[in-house]
Amino acid sequence: MMSARKPVAPMLEAVRSRIEERSLETRASYLAMIRRTRASNPPRRKLSCGNLAHAAAACGAHEKQLVANGTAPNIGIVTSFNDMLSAHQPLETYPTILKAAASSLGATAQVAGGVPAMCDGVTQGQPGMELSLFSRDVIAMATAVSLSHNVFDAALMLGVCDKIVPGLVMGALSFGHLPVAFVPAGPMPTGLSNDEKSRVRQAYAAGELGRDKLLEAEMKSYHAPGTCTFYGTANSNQMLMEFMGLHVPGAAFIQPGTPLRDALTKEAVRLVLAKAEGGQGVGEWLDARSFINAIVGLHATGGSTNHLIHLVAMARAAGLRISWEDFADLASVVPLLARIYPNGSADVNQFHAAGGLAFVMRELLDAGLLFADIETLAGPGLAQYAREPVMIHGQIVYRDPPEVSPQPSILRSMDNPFQATGGIALVKGGVGRGIVKTSAIAPEKQSLTAPARVFESPEQFQAVFKANGINENAIIVIRNQGPMANGMPELHSLMPALGVLESRGLRVALLSDGRLSGASGKVLSALHVTPEAKEGGPISKLRDGDIITIDSAEGRLEVAVDPREMAARMPAIPNHLDAEEGLGREMFAGFRGAVCRADEGASVFWDRPLA
């Protein structure tokens with residue numbers, strides 16, 4: 001441990017300054033909205049007797065009077081509970097726990113509403129994936145609807161996975177005058193090792209194992225209530241909530257059904273009520289520093305590339321405008337301190353046992369790579385999140401994380417990082433702008449120059465792969481997968497096939513205007529390429545044989561074609577009728593027509609493109 005904490009790094013201050021400068025108008029407008037809302041629509045104060053009677057009708061006798069009379073704080077619970085998805089199934093019991101905790105503190109709590117929670121693991125490679133990214137904005141709207149009755153003094157957000165937490169944050173920020181706490185469920189126990197799961201998937205893709213063996217391995221991996229244990233978008237979400245101070249400190253990776261999990265869930269009620277008494281809303285305490293801390297955490301832990309989209313949209317909901325250049329500049333000073341699958345072999349349970357987020361945060365704070373003085377759910381200062389909770393005699397007690405990591409293959413200190421730069425890189429050039437997740441790629445494979453093999457869909461690529469049609473080094477281009485084309489589905493189902501090609505001695509990389517799962521990353525991939533093909537971006541003009549360079553170290557995404565020839569080429573935009581109807585996809589035509597670019601957050605809430 002460092003003997004003295006360093007001042008905040010100049011790069012963090014520089015990024016903060018430019019975010020605040022470019023956000024002057026939007027942030028001021030947002031904060032003014034919060035002030036107007038608080039003044040003109042205080043909770044319950046302007047509701048009629050009929051309004052209040054409806055709000056309290058289903059309550060017990062004691063709670064009915066408290067809610068109707070406004071004599072005690074009332075907490076709104078927004079939940080993503082469903083019992084099909086393992087990560088959300090534990091949330092079934094939370095309202096009962098939370099209501100009892102509120103009652104013990106002289107307050108009330110009501111389930112304000114529910115939000116949809118779909119699983120990319122279930123829809124991976126299926127038509128339903130075309131609704132996945134858009135579900136984030138639906139969740140934001142459902143959160144706003146849930147809180148629209150204006151009977152709540154604070155709110156608790158129950159959610160875990162990929163689009164759910166970002167959507168809940170965006171929706172909560174539309175009620176930024178209220179204090180809000182995020183209440184997670186925790187990861188499932190460790191199952192089949194991630195390396196073995198990956199081996200079985202590649203063997204199946206190569207035709208070496210049958211479907212029965214694949215299903216057996218998958219069910220040993222995903223086997224119990226709780227979040228999947230790899231470090232994908234869901235667990236990256238939980239990291240972000242810690243670094244932004246929206247959790248009870250240390251709540252991210254405590255398993256469901258344990259006394260500590262229940263105690264932390266109850267503690268969320270106490271902390272959000274304390275915030276309500278102080279009169280500060282979540283939209284006021286989340287500022288540019290909070291989002292910079294989130295980006296730093298993403299880099300230091302090798303988190304999901306999906307957050308290059310989600311964090312941009314979350315910040316915009318608070319009137320803050322962050323860019324991919326902000327991510328890139330922070331990556332230059334933030335080292336990679338963790339190896340969690342797919343960036344290593346360990347899962348989040350092993351990471352937590354090795355010291356976890358408290359260790360990472362302590363290291364970053366001591367190095368001046370976080371803003372320590374942000375406001376949080378637990379009060380002023382982020383240092384309290386650099387300690388880990390344990391249960392002693394039925395009480396939550398916080399202790400320091402280990403001074404030295406007991407598992408240096410999983411977790412390292414600032415003086416011995418896994419790599420000197422953050423886990424995600426920005427690449428740009430003649431093909432556009434894209435994102436590369438470097439944390440999971442061997443250093444010698446973080447760049448590639450090779451001929452393009454161009455496909456208009458994942459299915460077209462898979463057909464060629466199964467026919468052994470790829471026998472040379474190649475940049476695999478899969479386009480028309482952006483938000484405007486078909487909702488930007490994740491392309492994680494490509495990873496086994498690409499892994500097989502590399503195991504055969506080929507060098508391959510993926511170039512796409514689509515996304516990959518947060519669990520992907522072992523093959524060099526330039527993702528979220530914008531402008532996308534549907535918009536007529538350069539990726540729509542690539543042809544088989546074009547020599548493409550993806551170089552994450554130098555930040556290059558180039559094609560060796562004369563610019564005049566590229567300008568003269570016609571965009572190849574196929575008819576995607578099959579991506580527009582069936583299984584609910586036709587209902588999202590308006591979203592596809594209104595969504596802004598990936599680097600602007602891929603949201604329907606703001607004009608396309610933002611100036």
# chains A, B, ... in the order shown; residues from 1 in each chain; ligands from 1
>>> residues_around(residues="A:Ala372", least_positions_apart="2", cutoff="6 Å", atoms="only C-alpha atoms", output="VMD selection string")
chain A and resid 370 374 381 to 382
>>> write_last_selection(atoms="N, CA and C atoms", output="short mmCIF file (atom, residue, chain, number, x, y, z; two decimals), in the first residue's frame")
data_model
loop_
_atom_site.label_atom_id
_atom_site.label_comp_id
_atom_site.auth_asym_id
_atom_site.auth_seq_id
_atom_site.Cartn_x
_atom_site.Cartn_y
_atom_site.Cartn_z
N LEU A 370 -8.54 8.43 -9.03
CA LEU A 370 -9.97 8.59 -8.82
C LEU A 370 -10.21 9.92 -8.12
N ILE A 374 -16.00 12.80 -4.30
CA ILE A 374 -17.35 12.83 -4.85
C ILE A 374 -18.38 12.55 -3.75
N GLY A 381 -17.30 11.34 -0.04
CA GLY A 381 -16.04 10.63 -0.13
C GLY A 381 -16.16 9.19 -0.62
N LEU A 382 -15.27 8.84 -1.53
CA LEU A 382 -15.27 7.50 -2.11
C LEU A 382 -14.45 6.51 -1.29
#
>>> closest_atom_pairs(of="stretch 307-366 of chain A", to="stretch 13-34 of chain A", cutoff="8 Å", atoms="only C-alpha atoms", output="Markdown table")
| residue | atom | partner | partner_atom | distance |
| --- | --- | --- | --- | --- |
| A:Ala318 | CA | A:Tyr30 | CA | 6.5 |
| A:Gly319 | CA | A:Arg27 | CA | 4.1 |
| A:Leu320 | CA | A:Ser23 | CA | 5.3 |
| A:Arg321 | CA | A:Ser23 | CA | 5.6 |
| A:Ile322 | CA | A:Ile19 | CA | 6.0 |
| A:Asp326 | CA | A:Val15 | CA | 6.2 |
| A:Asp329 | CA | A:Val15 | CA | 7.8 |
| A:Leu330 | CA | A:Val15 | CA | 7.8 |
>>> residues_around(residues="A:Ala338", least_positions_apart="5", cutoff="6 Å", atoms="only C-alpha atoms", output="list in words")
Thr301, Ile410 and Leu411 of chain A
>>> closest_residue(among="A:Leu527, A:Leu286, A:Val390, A:Ala4", to="A:Met488", atoms="only C-alpha atoms")
A:Leu527
>>> residues_around(residues="A:Gln238", least_positions_apart="4", cutoff="9 Å", atoms="only C-alpha atoms", output="PyMOL selection string")
chain A and resi 160-161+165+184+186+233-234+242-243+247+251-253
>>> residues_around(residues="A:Gln126", least_positions_apart="4", cutoff="10 Å", atoms="only C-alpha atoms", output="number ranges by chain")
A: 120-122, 130, 489-490, 493
>>> write_last_selection(atoms="N, CA and C atoms", output="mmCIF file, in the first residue's frame")
data_model
loop_
_atom_site.group_PDB
_atom_site.id
_atom_site.type_symbol
_atom_site.label_atom_id
_atom_site.label_comp_id
_atom_site.auth_asym_id
_atom_site.auth_seq_id
_atom_site.Cartn_x
_atom_site.Cartn_y
_atom_site.Cartn_z
ATOM 1 N N ASP A 120 -29.302 -11.435 -22.658
ATOM 2 C CA ASP A 120 -28.582 -11.635 -23.912
ATOM 3 C C ASP A 120 -28.043 -13.055 -24.027
ATOM 4 N N GLY A 121 -27.891 -13.731 -22.892
ATOM 5 C CA GLY A 121 -27.473 -15.122 -22.955
ATOM 6 C C GLY A 121 -28.543 -16.016 -23.553
ATOM 7 N N VAL A 122 -29.813 -15.685 -23.314
ATOM 8 C CA VAL A 122 -30.920 -16.461 -23.874
ATOM 9 C C VAL A 122 -31.138 -16.107 -25.342
ATOM 10 N N GLU A 130 -32.198 -8.434 -31.375
ATOM 11 C CA GLU A 130 -32.387 -7.149 -32.045
ATOM 12 C C GLU A 130 -33.228 -6.187 -31.207
ATOM 13 N N PRO A 489 -27.404 -5.926 -32.420
ATOM 14 C CA PRO A 489 -27.338 -7.143 -31.591
ATOM 15 C C PRO A 489 -25.909 -7.504 -31.225
ATOM 16 N N GLU A 490 -25.741 -8.184 -30.097
ATOM 17 C CA GLU A 490 -24.437 -8.716 -29.745
ATOM 18 C C GLU A 490 -24.081 -9.867 -30.676
ATOM 19 N N SER A 493 -21.940 -15.001 -30.458
ATOM 20 C CA SER A 493 -21.990 -16.349 -31.019
ATOM 21 C C SER A 493 -20.935 -16.571 -32.091
#
>>> select_by_dssp(residues="stretch 112-333 of chain A", states="alpha helix (DSSP H)", output="ChimeraX atom specification")
/A:120-123,132-147,164-173,194-205,211-221,233-243,259-278,282-285,288-301,307-317,324-331
>>> closest_atom_pairs(of="stretch 268-346 of chain A", to="stretch 207-229 of chain A", cutoff="12 Å", atoms="only C-alpha atoms", output="CSV")
residue,atom,partner,partner_atom,distance
A:Ile340,CA,A:Thr229,CA,9.5
A:Tyr341,CA,A:Thr229,CA,8.6
A:Pro342,CA,A:Thr229,CA,10.6
A:Ser345,CA,A:Thr229,CA,11.2
A:Ala346,CA,A:Thr229,CA,9.1
>>> write_last_selection(atoms="N, CA and C atoms", output="mmCIF file, in the first residue's frame")
data_model
loop_
_atom_site.group_PDB
_atom_site.id
_atom_site.type_symbol
_atom_site.label_atom_id
_atom_site.label_comp_id
_atom_site.auth_asym_id
_atom_site.auth_seq_id
_atom_site.Cartn_x
_atom_site.Cartn_y
_atom_site.Cartn_z
ATOM 1 N N ILE A 340 -10.044 -11.047 -14.930
ATOM 2 C CA ILE A 340 -11.258 -11.808 -14.670
ATOM 3 C C ILE A 340 -11.796 -12.251 -16.024
ATOM 4 N N TYR A 341 -12.288 -13.459 -16.131
ATOM 5 C CA TYR A 341 -12.730 -13.994 -17.425
ATOM 6 C C TYR A 341 -13.727 -13.039 -18.083
ATOM 7 N N PRO A 342 -13.529 -12.701 -19.377
ATOM 8 C CA PRO A 342 -12.662 -13.338 -20.376
ATOM 9 C C PRO A 342 -11.239 -12.810 -20.434
ATOM 10 N N SER A 345 -8.596 -16.363 -16.261
ATOM 11 C CA SER A 345 -9.360 -17.592 -15.993
ATOM 12 C C SER A 345 -10.264 -17.472 -14.779
ATOM 13 N N ALA A 346 -10.062 -16.478 -13.921
ATOM 14 C CA ALA A 346 -10.831 -16.356 -12.684
ATOM 15 C C ALA A 346 -12.228 -15.805 -12.945
#
>>> closest_residue(among="A:Gly114, A:Val8, A:Arg507, A:Gly434", to="A:Asn293", atoms="only C-alpha atoms")
A:Val8
